[in-house]
Amino acid sequence: DTEVTQTPKHLVMGMTNKKSLKCEQHMGHRAMYWYKQKAKKPPELMFVYSYEKLSINESVPSRFSPECPNSSLLNLHLHALQPEDSALYLCASSQAFRGSYEQYFGPGTRLTVT
Amino acid sequence: GENVEQHPSTLSVQEGDSAVIKCTYSDSASNYFPWYKQELGKGPQLIIDIRSNVGEKKDQRIAVTLNKTAKHFSLHITETQPEDSAVYFCAASNFRPGNAGNMLTFGGGTRLMVKP
């Protein structure tokens, strides 16, 4: 089973709202990722968690706040977003150690900021 | 950092024909090259991958080739079917020291259209 689940599928929020995106995997993966994907573009890496610790932050604005409560869950907290933050937000997971390379994506959350 | 270029950006083929998508990468230390298929409204799906110690890999109608010297790799789809229509992304990565996971750099994507 290579399933990564994400909720919600769609989210519409105003610029003053606070919302959270959730991601879950049960493959025993210890690396989890958040990507942002704009229309007709490739995914862009935002954050990497390895063994529940933030290992990479690709200079993402502080209005995006990731959290990894345990090895199966990954959250992305959203606050004071801008309309240009509207995009498909993808979660992915993989093993964290060298020698295991495959990275699996969830279906994404389609975010619209009004 | 790594830079991956992908061509063509769109590709239209007749059902039953072959399709080839090409990518080049810049970082000679890259050691892993996956291909993803993304259908409309879905997340990217890993369809095949290749590691730097292998020159070619096949899985039914899909094959990937890697030329490390030239720093390019290609996806080959034979006997295309309408359900192969999607956006395909190539990617490259080089594991960082330690346990930081697998950072992928993606190509720009190819929209493949298979006409019945």
# chains A, B, ... in the order shown; residues from 1 in each chain; ligands from 1

call {"tool": "residues_around", "arguments": {"residues": "segment 21-25 of chain B", "least_positions_apart": "6", "cutoff": "10 Å", "atoms": "only C-alpha atoms", "output": "ChimeraX atom specification"}}
result
/B:2-11,33,64-68,70-77,88-93,105-112

call {"tool": "write_last_selection", "arguments": {"atoms": "N, CA, C and O atoms", "output": "compact mmCIF listing (two decimals), in the first residue's frame"}}
result
# COMPACT_ATOMS: atom_id res chain seq x y z
N GLU B 2 20.47 21.85 -8.15
CA GLU B 2 20.09 21.07 -9.33
C GLU B 2 19.10 21.85 -10.19
O GLU B 2 18.25 22.60 -9.70
N ASN B 3 19.23 21.66 -11.52
CA ASN B 3 18.29 22.23 -12.48
C ASN B 3 17.90 21.12 -13.46
O ASN B 3 18.78 20.45 -14.00
N VAL B 4 16.62 20.91 -13.64
CA VAL B 4 16.13 19.86 -14.54
C VAL B 4 15.29 20.50 -15.64
O VAL B 4 14.35 21.24 -15.34
N GLU B 5 15.64 20.21 -16.87
CA GLU B 5 14.88 20.72 -18.02
C GLU B 5 14.20 19.54 -18.71
O GLU B 5 14.80 18.48 -18.87
N GLN B 6 12.97 19.76 -19.14
CA GLN B 6 12.15 18.70 -19.71
C GLN B 6 11.58 19.14 -21.04
O GLN B 6 11.09 20.26 -21.18
N HIS B 7 11.61 18.22 -22.02
CA HIS B 7 11.09 18.51 -23.36
C HIS B 7 10.43 17.27 -23.95
O HIS B 7 10.89 16.15 -23.68
N PRO B 8 9.37 17.41 -24.76
CA PRO B 8 8.72 18.69 -25.08
C PRO B 8 7.74 19.08 -23.98
O PRO B 8 7.49 18.31 -23.07
N SER B 9 7.19 20.27 -24.05
CA SER B 9 6.21 20.68 -23.06
C SER B 9 4.83 20.09 -23.38
O SER B 9 4.02 19.90 -22.48
N THR B 10 4.55 19.86 -24.64
CA THR B 10 3.34 19.16 -25.05
C THR B 10 3.70 18.13 -26.10
O THR B 10 4.61 18.34 -26.91
N LEU B 11 2.96 17.03 -26.10
CA LEU B 11 3.22 15.94 -27.03
C LEU B 11 1.88 15.30 -27.38
O LEU B 11 1.16 14.87 -26.49
N PHE B 33 16.30 9.18 -10.30
CA PHE B 33 15.55 9.87 -11.34
C PHE B 33 14.17 9.22 -11.48
O PHE B 33 13.99 8.26 -12.23
N VAL B 64 12.58 3.58 -18.93
CA VAL B 64 13.37 4.78 -18.68
C VAL B 64 14.83 4.45 -18.98
O VAL B 64 15.31 3.35 -18.67
N THR B 65 15.51 5.38 -19.64
CA THR B 65 16.93 5.23 -19.92
C THR B 65 17.69 6.38 -19.30
O THR B 65 17.16 7.49 -19.16
N LEU B 66 18.92 6.12 -18.90
CA LEU B 66 19.75 7.12 -18.24
C LEU B 66 21.12 7.14 -18.89
O LEU B 66 21.76 6.09 -19.05
N ASN B 67 21.57 8.32 -19.27
CA ASN B 67 22.93 8.53 -19.79
C ASN B 67 23.63 9.48 -18.82
O ASN B 67 23.44 10.70 -18.88
N LYS B 68 24.42 8.92 -17.92
CA LYS B 68 25.07 9.75 -16.90
C LYS B 68 26.11 10.69 -17.49
O LYS B 68 26.31 11.80 -17.01
N ALA B 70 26.11 12.17 -20.41
CA ALA B 70 25.44 13.32 -21.03
C ALA B 70 24.49 14.01 -20.07
O ALA B 70 23.94 15.07 -20.39
N LYS B 71 24.26 13.43 -18.93
CA LYS B 71 23.33 13.94 -17.92
C LYS B 71 21.95 14.13 -18.51
O LYS B 71 21.34 15.21 -18.41
N HIS B 72 21.44 13.07 -19.13
CA HIS B 72 20.06 13.12 -19.55
C HIS B 72 19.41 11.75 -19.38
O HIS B 72 20.06 10.71 -19.35
N PHE B 73 18.09 11.77 -19.21
CA PHE B 73 17.31 10.57 -19.04
C PHE B 73 15.98 10.75 -19.76
O PHE B 73 15.53 11.88 -19.97
N SER B 74 15.41 9.64 -20.17
CA SER B 74 14.22 9.70 -21.02
C SER B 74 13.17 8.68 -20.58
O SER B 74 13.51 7.61 -20.06
N LEU B 75 11.92 9.03 -20.82
CA LEU B 75 10.79 8.13 -20.59
C LEU B 75 10.25 7.69 -21.94
O LEU B 75 10.02 8.52 -22.81
N HIS B 76 10.06 6.38 -22.08
CA HIS B 76 9.53 5.83 -23.32
C HIS B 76 8.24 5.10 -22.99
O HIS B 76 8.23 4.22 -22.12
N ILE B 77 7.18 5.46 -23.69
CA ILE B 77 5.91 4.76 -23.53
C ILE B 77 5.55 4.16 -24.88
O ILE B 77 5.46 4.87 -25.89
N TYR B 88 3.23 14.52 -17.43
CA TYR B 88 4.33 13.72 -16.92
C TYR B 88 5.46 14.64 -16.44
O TYR B 88 5.85 15.58 -17.13
N PHE B 89 5.96 14.35 -15.25
CA PHE B 89 7.08 15.11 -14.68
C PHE B 89 8.27 14.18 -14.47
O PHE B 89 8.12 13.09 -13.91
N CYS B 90 9.44 14.64 -14.89
CA CYS B 90 10.66 13.97 -14.49
C CYS B 90 11.21 14.70 -13.26
O CYS B 90 10.82 15.83 -12.97
N ALA B 91 12.09 14.05 -12.55
CA ALA B 91 12.71 14.66 -11.37
C ALA B 91 14.08 14.06 -11.15
O ALA B 91 14.39 12.98 -11.69
N ALA B 92 14.88 14.76 -10.39
CA ALA B 92 16.22 14.27 -10.04
C ALA B 92 16.49 14.60 -8.59
O ALA B 92 15.97 15.59 -8.06
N SER B 93 17.31 13.77 -7.96
CA SER B 93 17.68 14.06 -6.59
C SER B 93 19.04 13.46 -6.26
O SER B 93 19.51 12.55 -6.92
N THR B 105 14.02 17.61 -7.44
CA THR B 105 13.91 18.78 -8.31
C THR B 105 13.18 18.32 -9.57
O THR B 105 13.64 17.39 -10.24
N PHE B 106 12.09 18.98 -9.88
CA PHE B 106 11.23 18.55 -10.98
C PHE B 106 11.54 19.29 -12.27
O PHE B 106 11.94 20.47 -12.26
N GLY B 107 11.33 18.61 -13.39
CA GLY B 107 11.28 19.27 -14.68
C GLY B 107 9.97 20.01 -14.82
O GLY B 107 9.07 19.89 -13.98
N GLY B 108 9.83 20.76 -15.91
CA GLY B 108 8.67 21.62 -16.10
C GLY B 108 7.39 20.89 -16.49
O GLY B 108 6.31 21.48 -16.45
N GLY B 109 7.48 19.61 -16.85
CA GLY B 109 6.29 18.83 -17.18
C GLY B 109 6.05 18.72 -18.68
O GLY B 109 6.43 19.62 -19.46
N THR B 110 5.44 17.61 -19.08
CA THR B 110 5.04 17.38 -20.47
C THR B 110 3.58 16.96 -20.48
O THR B 110 3.21 15.99 -19.82
N ARG B 111 2.75 17.69 -21.23
CA ARG B 111 1.36 17.29 -21.37
C ARG B 111 1.26 16.34 -22.54
O ARG B 111 1.49 16.74 -23.69
N LEU B 112 0.96 15.08 -22.25
CA LEU B 112 0.83 14.06 -23.28
C LEU B 112 -0.65 13.86 -23.61
O LEU B 112 -1.46 13.65 -22.71

call {"tool": "interface_residues", "arguments": {"of": "chain B", "to": "chain A", "cutoff": "8 Å", "atoms": "only C-alpha atoms", "output": "mmCIF file with C-alpha atoms, in the first residue's frame"}}
result
data_model
loop_
_atom_site.group_PDB
_atom_site.id
_atom_site.type_symbol
_atom_site.label_atom_id
_atom_site.label_comp_id
_atom_site.auth_asym_id
_atom_site.auth_seq_id
_atom_site.Cartn_x
_atom_site.Cartn_y
_atom_site.Cartn_z
ATOM 1 C CA TYR B 32 17.911 9.065 -8.477
ATOM 2 C CA PRO B 34 11.815 9.223 -10.909
ATOM 3 C CA GLY B 41 -7.286 16.929 -10.219
ATOM 4 C CA LYS B 42 -4.962 14.288 -8.765
ATOM 5 C CA GLY B 43 -1.588 14.144 -7.099
ATOM 6 C CA PRO B 44 1.539 12.954 -8.953
ATOM 7 C CA GLN B 45 1.774 9.167 -9.225
ATOM 8 C CA LEU B 46 5.193 7.501 -9.294
ATOM 9 C CA PHE B 89 7.080 15.105 -14.681
ATOM 10 C CA PHE B 95 20.392 12.352 -1.075
ATOM 11 C CA GLY B 98 22.369 12.413 7.158
ATOM 12 C CA ASN B 99 18.659 11.756 7.281
ATOM 13 C CA ALA B 100 17.068 14.734 5.526
ATOM 14 C CA GLY B 101 14.881 12.693 3.187
ATOM 15 C CA ASN B 102 14.868 12.794 -0.602
ATOM 16 C CA MET B 103 14.687 16.293 -2.122
ATOM 17 C CA LEU B 104 13.339 16.115 -5.654
ATOM 18 C CA PHE B 106 11.234 18.551 -10.980
ATOM 19 C CA GLY B 107 11.283 19.273 -14.678
ATOM 20 C CA GLY B 108 8.668 21.616 -16.104
ATOM 21 C CA GLY B 109 6.291 18.830 -17.183
#

call {"tool": "residues_around", "arguments": {"residues": "Ser85 of chain B", "least_positions_apart": "2", "cutoff": "9 Å", "atoms": "only C-alpha atoms", "output": "PyMOL selection string"}}
result
chain B and resi 39+80-83+87+111-115

call {"tool": "select_by_dssp", "arguments": {"residues": "chain B", "states": "strand (DSSP E or B)", "output": "PyMOL selection string"}}
result
chain B and resi 4-7+10-14+19-25+32-38+45-51+56-59+62-67+72-77+86-93+105-106+110-115

call {"tool": "closest_residue", "arguments": {"among": "A:Glu3, A:Glu52, A:Glu58, A:Glu24", "to": "Lys36 of chain A", "atoms": "only C-alpha atoms"}}
result
A:Glu58

call {"tool": "closest_residue", "arguments": {"among": "B:Thr78, B:Gln60, B:Ser52, B:Thr69", "to": "Ser18 of chain B", "atoms": "only C-alpha atoms"}}
result
B:Thr78

call {"tool": "residues_around", "arguments": {"residues": "His79 of chain A", "least_positions_apart": "2", "cutoff": "9 Å", "atoms": "only C-alpha atoms", "output": "PyMOL selection string"}}
result
chain A and resi 15-20+62-65+77+81

call {"tool": "decode", "arguments": {"residues": "segment 39-59 of chain B", "atoms": "N, CA, C and O atoms", "output": "PDB file, in the first residue's frame"}}
result
ATOM      1  N   GLU B  39      -2.655  13.111 -13.374  1.00  0.00           N
ATOM      2  CA  GLU B  39      -3.931  13.296 -14.069  1.00  0.00           C
ATOM      3  C   GLU B  39      -4.649  14.496 -13.463  1.00  0.00           C
ATOM      4  O   GLU B  39      -4.371  14.914 -12.331  1.00  0.00           O
ATOM      5  N   LEU B  40      -5.592  15.011 -14.210  1.00  0.00           N
ATOM      6  CA  LEU B  40      -6.289  16.224 -13.804  1.00  0.00           C
ATOM      7  C   LEU B  40      -6.947  16.047 -12.446  1.00  0.00           C
ATOM      8  O   LEU B  40      -7.672  15.073 -12.215  1.00  0.00           O
ATOM      9  N   GLY B  41      -6.665  16.956 -11.536  1.00  0.00           N
ATOM     10  CA  GLY B  41      -7.286  16.929 -10.219  1.00  0.00           C
ATOM     11  C   GLY B  41      -6.704  15.912  -9.256  1.00  0.00           C
ATOM     12  O   GLY B  41      -7.260  15.683  -8.182  1.00  0.00           O
ATOM     13  N   LYS B  42      -5.568  15.300  -9.627  1.00  0.00           N
ATOM     14  CA  LYS B  42      -4.962  14.288  -8.765  1.00  0.00           C
ATOM     15  C   LYS B  42      -3.525  14.660  -8.413  1.00  0.00           C
ATOM     16  O   LYS B  42      -2.935  15.543  -9.022  1.00  0.00           O
ATOM     17  N   GLY B  43      -2.981  13.949  -7.437  1.00  0.00           N
ATOM     18  CA  GLY B  43      -1.588  14.144  -7.099  1.00  0.00           C
ATOM     19  C   GLY B  43      -0.686  13.361  -8.043  1.00  0.00           C
ATOM     20  O   GLY B  43      -1.135  12.450  -8.746  1.00  0.00           O
ATOM     21  N   PRO B  44       0.600  13.698  -8.097  1.00  0.00           N
ATOM     22  CA  PRO B  44       1.539  12.954  -8.953  1.00  0.00           C
ATOM     23  C   PRO B  44       1.651  11.502  -8.505  1.00  0.00           C
ATOM     24  O   PRO B  44       1.723  11.212  -7.313  1.00  0.00           O
ATOM     25  N   GLN B  45       1.675  10.607  -9.481  1.00  0.00           N
ATOM     26  CA  GLN B  45       1.774   9.167  -9.225  1.00  0.00           C
ATOM     27  C   GLN B  45       3.123   8.674  -9.745  1.00  0.00           C
ATOM     28  O   GLN B  45       3.443   8.855 -10.924  1.00  0.00           O
ATOM     29  N   LEU B  46       3.902   8.066  -8.880  1.00  0.00           N
ATOM     30  CA  LEU B  46       5.193   7.501  -9.294  1.00  0.00           C
ATOM     31  C   LEU B  46       4.950   6.329 -10.240  1.00  0.00           C
ATOM     32  O   LEU B  46       4.262   5.372  -9.887  1.00  0.00           O
ATOM     33  N   ILE B  47       5.500   6.421 -11.460  1.00  0.00           N
ATOM     34  CA  ILE B  47       5.255   5.353 -12.434  1.00  0.00           C
ATOM     35  C   ILE B  47       6.493   4.510 -12.711  1.00  0.00           C
ATOM     36  O   ILE B  47       6.382   3.324 -13.025  1.00  0.00           O
ATOM     37  N   ILE B  48       7.649   5.094 -12.606  1.00  0.00           N
ATOM     38  CA  ILE B  48       8.890   4.353 -12.806  1.00  0.00           C
ATOM     39  C   ILE B  48      10.033   5.228 -12.312  1.00  0.00           C
ATOM     40  O   ILE B  48       9.906   6.466 -12.280  1.00  0.00           O
ATOM     41  N   ASP B  49      11.114   4.600 -11.923  1.00  0.00           N
ATOM     42  CA  ASP B  49      12.282   5.365 -11.493  1.00  0.00           C
ATOM     43  C   ASP B  49      13.541   4.593 -11.857  1.00  0.00           C
ATOM     44  O   ASP B  49      13.502   3.415 -12.199  1.00  0.00           O
ATOM     45  N   ILE B  50      14.666   5.290 -11.810  1.00  0.00           N
ATOM     46  CA  ILE B  50      15.939   4.662 -12.128  1.00  0.00           C
ATOM     47  C   ILE B  50      17.018   5.265 -11.243  1.00  0.00           C
ATOM     48  O   ILE B  50      16.978   6.460 -10.928  1.00  0.00           O
ATOM     49  N   ARG B  51      17.944   4.444 -10.837  1.00  0.00           N
ATOM     50  CA  ARG B  51      19.059   4.915 -10.028  1.00  0.00           C
ATOM     51  C   ARG B  51      20.296   5.041 -10.911  1.00  0.00           C
ATOM     52  O   ARG B  51      20.378   4.443 -11.978  1.00  0.00           O
ATOM     53  N   SER B  52      21.277   5.772 -10.425  1.00  0.00           N
ATOM     54  CA  SER B  52      22.415   6.137 -11.266  1.00  0.00           C
ATOM     55  C   SER B  52      23.303   4.959 -11.623  1.00  0.00           C
ATOM     56  O   SER B  52      24.144   5.059 -12.518  1.00  0.00           O
ATOM     57  N   ASN B  53      23.136   3.827 -10.937  1.00  0.00           N
ATOM     58  CA  ASN B  53      23.964   2.663 -11.246  1.00  0.00           C
ATOM     59  C   ASN B  53      23.341   1.745 -12.297  1.00  0.00           C
ATOM     60  O   ASN B  53      23.838   0.650 -12.562  1.00  0.00           O
ATOM     61  N   VAL B  54      22.226   2.213 -12.904  1.00  0.00           N
ATOM     62  CA  VAL B  54      21.496   1.416 -13.898  1.00  0.00           C
ATOM     63  C   VAL B  54      21.305   2.265 -15.151  1.00  0.00           C
ATOM     64  O   VAL B  54      21.064   3.463 -15.053  1.00  0.00           O
ATOM     65  N   GLY B  55      21.414   1.652 -16.336  1.00  0.00           N
ATOM     66  CA  GLY B  55      21.263   2.403 -17.574  1.00  0.00           C
ATOM     67  C   GLY B  55      19.864   2.386 -18.152  1.00  0.00           C
ATOM     68  O   GLY B  55      19.468   3.302 -18.863  1.00  0.00           O
ATOM     69  N   GLU B  56      19.103   1.333 -17.824  1.00  0.00           N
ATOM     70  CA  GLU B  56      17.764   1.217 -18.397  1.00  0.00           C
ATOM     71  C   GLU B  56      16.898   0.382 -17.466  1.00  0.00           C
ATOM     72  O   GLU B  56      17.374  -0.542 -16.798  1.00  0.00           O
ATOM     73  N   LYS B  57      15.615   0.711 -17.450  1.00  0.00           N
ATOM     74  CA  LYS B  57      14.665  -0.050 -16.632  1.00  0.00           C
ATOM     75  C   LYS B  57      13.337  -0.091 -17.366  1.00  0.00           C
ATOM     76  O   LYS B  57      12.919   0.920 -17.945  1.00  0.00           O
ATOM     77  N   LYS B  58      12.695  -1.261 -17.357  1.00  0.00           N
ATOM     78  CA  LYS B  58      11.413  -1.410 -18.062  1.00  0.00           C
ATOM     79  C   LYS B  58      10.344  -1.920 -17.115  1.00  0.00           C
ATOM     80  O   LYS B  58      10.614  -2.700 -16.196  1.00  0.00           O
ATOM     81  N   ASP B  59       9.113  -1.493 -17.374  1.00  0.00           N
ATOM     82  CA  ASP B  59       7.966  -2.004 -16.655  1.00  0.00           C
ATOM     83  C   ASP B  59       6.799  -2.012 -17.625  1.00  0.00           C
ATOM     84  O   ASP B  59       6.163  -0.993 -17.866  1.00  0.00           O
TER      85      ASP B  59
END
